[in-house]
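Asks: Take this structure, written in structure tokens, and hold onto it; I'll ask about it next.
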Amino acid sequence: MIQARAFWLTGKGRGALKSEPLTNPGGDWCVVQAMFSAVSPGTERLVAAGKVPPALRKEMRCPYMGGRFPFPVKYGYSLVGEVVQGPSELRGRTVHVLHPHQDLCVVRCRDVRVVPAGVPSTRATLASNMETAITAVWDSEAALGERALVVGFGIVGSLIARILALGPAIDLE
């Protein structure tokens with residue numbers, strides 16, 4: 001049995017590292033040794049404050065989340081690490097996976113994305129933010145010739161603005 005350390009939110013503004021057993025993977029599973037795990041200043045602040053609205057708790061669950069809202073909960077969704085056990089084509093590769101903050105994790109191989117050579121591991125943690133930005137642009141249904149206004153210019157807002165600016169014939173405010 002593998003032991004991992006995971007960060008759990010235990011109460012409003014409180015957290016703890018907890019040891020938890022992981023089962024040895026087989027078949028379509030792999031073990032990822034974390035290198036970096038990014039914190040979302042928006043979503044995770046809401047979770048840490050215990051302010052996830054009951055009506056949104058199902059939608060705000062993240063892959064491999066432990067516990068439940070409001071507390072105790074193991075939350076997070078941008079981990080970059082090295083596959084240390086699993087299929088030979090993944091072993092030794094740097095990957096990104098949607099996973100809470102944890103030093104070791106067992107995940108489905110289909111859930112990992114290999115980080116391209118030349119992309120720093122710290123930058124790869126931003127993949128989750130890019131996914132959010134792309135989804136926001138798709139959901140906006142911005143069309144050719146329309147004007148778009150991005151409100152807020154944090155990480156996700158700046159990525160949305162960049163995606164829109166690269167698109168054809170979108171007038172960005």
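Ligands are numbered from 1 in the order shown, chains are lettered A, B, ... in the order of the structure tokens, and residues start at 1 in each chain.
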Env of Leu90 of chain A: 12 Å cut, atoms = only C-alpha atoms, seq-sep filter 3 positions within chain, self excluded. Answer as number ranges by chain.

Replies: A: 28-32, 81-87, 93-96, 108-115

Asks: With a distance cut-off of 7 Å and only C-alpha atoms, select the neighbouring residues of Phe36 of chain A, excluding the residue or stretch itself and same-chain residues fewer than 4 positions from it, and output the selection as a list in words.

Replies: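 Those residues are Leu79, Val80, Gly81 and Thr122 of chain A.
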
Asks: Could those selected residues go to a file with N, CA, C and O atoms, as an mmCIF file, in the first residue's frame?

Replies:
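Heads up, here's the output in out17.cif:
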```
data_model
loop_
_atom_site.group_PDB
_atom_site.id
_atom_site.type_symbol
_atom_site.label_atom_id
_atom_site.label_comp_id
_atom_site.auth_asym_id
_atom_site.auth_seq_id
_atom_site.Cartn_x
_atom_site.Cartn_y
_atom_site.Cartn_z
ATOM 1 N N LEU A 79 -2.554 19.798 -10.912
ATOM 2 C CA LEU A 79 -1.359 19.152 -10.379
ATOM 3 C C LEU A 79 -0.473 18.716 -11.542
ATOM 4 O O LEU A 79 -0.960 18.160 -12.520
ATOM 5 N N VAL A 80 0.804 19.006 -11.427
ATOM 6 C CA VAL A 80 1.791 18.572 -12.421
ATOM 7 C C VAL A 80 2.799 17.692 -11.692
ATOM 8 O O VAL A 80 3.272 18.030 -10.611
ATOM 9 N N GLY A 81 3.097 16.547 -12.287
ATOM 10 C CA GLY A 81 4.037 15.642 -11.664
ATOM 11 C C GLY A 81 4.605 14.643 -12.648
ATOM 12 O O GLY A 81 4.343 14.713 -13.851
ATOM 13 N N THR A 122 6.135 24.410 -13.883
ATOM 14 C CA THR A 122 5.374 25.437 -13.166
ATOM 15 C C THR A 122 4.333 26.073 -14.090
ATOM 16 O O THR A 122 3.216 26.339 -13.671
#
```

Asks: Go ahead and compute the interatomic distance for atom CA of His99 of chain A and atom CA of Phe7 of chain A, in Å to one decimal.

Replies: 11.3 Å

Asks: With only C-alpha atoms as the counted atoms, please give the residues lying no more than 8 Å from Arg5 of chain A, apart from itself and same-chain residues fewer than 6 positions off, as a PyMOL selection string.

Replies: chain A and resi 17-20+102-104

Asks: Would you export the selected residues with C-alpha atoms as an mmCIF file, in the first residue's frame, please?

Replies:
```cif
data_model
loop_
_atom_site.group_PDB
_atom_site.id
_atom_site.type_symbol
_atom_site.label_atom_id
_atom_site.label_comp_id
_atom_site.auth_asym_id
_atom_site.auth_seq_id
_atom_site.Cartn_x
_atom_site.Cartn_y
_atom_site.Cartn_z
ATOM 1 C CA LEU A 17 -1.870 17.649 5.795
ATOM 2 C CA LYS A 18 -3.274 14.170 6.249
ATOM 3 C CA SER A 19 -1.722 10.829 5.454
ATOM 4 C CA GLU A 20 -3.911 8.535 3.400
ATOM 5 C CA GLN A 102 -1.366 15.828 -2.795
ATOM 6 C CA ASP A 103 2.219 14.555 -2.983
ATOM 7 C CA LEU A 104 1.347 11.198 -4.612
#
```

Asks: Going by DSSP on the backbone, which residues of segment 24-143 of chain A come out as alpha helix (DSSP H)? List them as a PyMOL selection string.

Replies: chain A and resi 43-48+57-60+121-124+127-140

Asks: With distances taken over only C-alpha atoms, which residue among A:Pro70, A:Ala143, A:Tyr75, A:Gln33 lies nearest Leu56 of chain A?

Replies: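 For Leu56 of chain A, the nearest of the candidates is A:Pro70.
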
Asks: So which one's closest to Arg57 of chain A, A:Ile2, A:Val73, A:Leu22, A:Ile155? Using only C-alpha atoms, please.

Replies: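 For Arg57 of chain A, the nearest of the candidates is A:Val73.
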
Asks: In Å, with one decimal, what is the gap from atom CA of Phe71 of chain A to atom CA of Trp8 of chain A?

Replies: 8.7 Å

Asks: Using DSSP on the backbone coordinates, identify the residues of chain A assigned to strand (DSSP E or B); present them as JSON, numbers by chain.

Replies: {"A": [2, 3, 4, 5, 6, 7, 8, 9, 10, 11, 14, 15, 16, 17, 18, 19, 20, 21, 22, 29, 30, 31, 32, 33, 34, 35, 36, 37, 66, 67, 73, 74, 79, 80, 81, 82, 83, 84, 85, 94, 95, 96, 97, 102, 104, 105, 106, 107, 108, 113, 114, 147, 148, 171, 172]}

Asks: With distances taken over only C-alpha atoms, which of A:Cys105, A:Val47, A:Met60, A:Ala6 is nearest to Ala34 of chain A?

Replies: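 Using only C-alpha atoms, Ala34 of chain A sits closest to A:Cys105.
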
Asks: Just the number, please: distance in Å from atom CA of Gly42 of chain A to atom CA of Phe69 of chain A, one decimal.

Replies: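 Distance between the two atoms: 16.1 Å.
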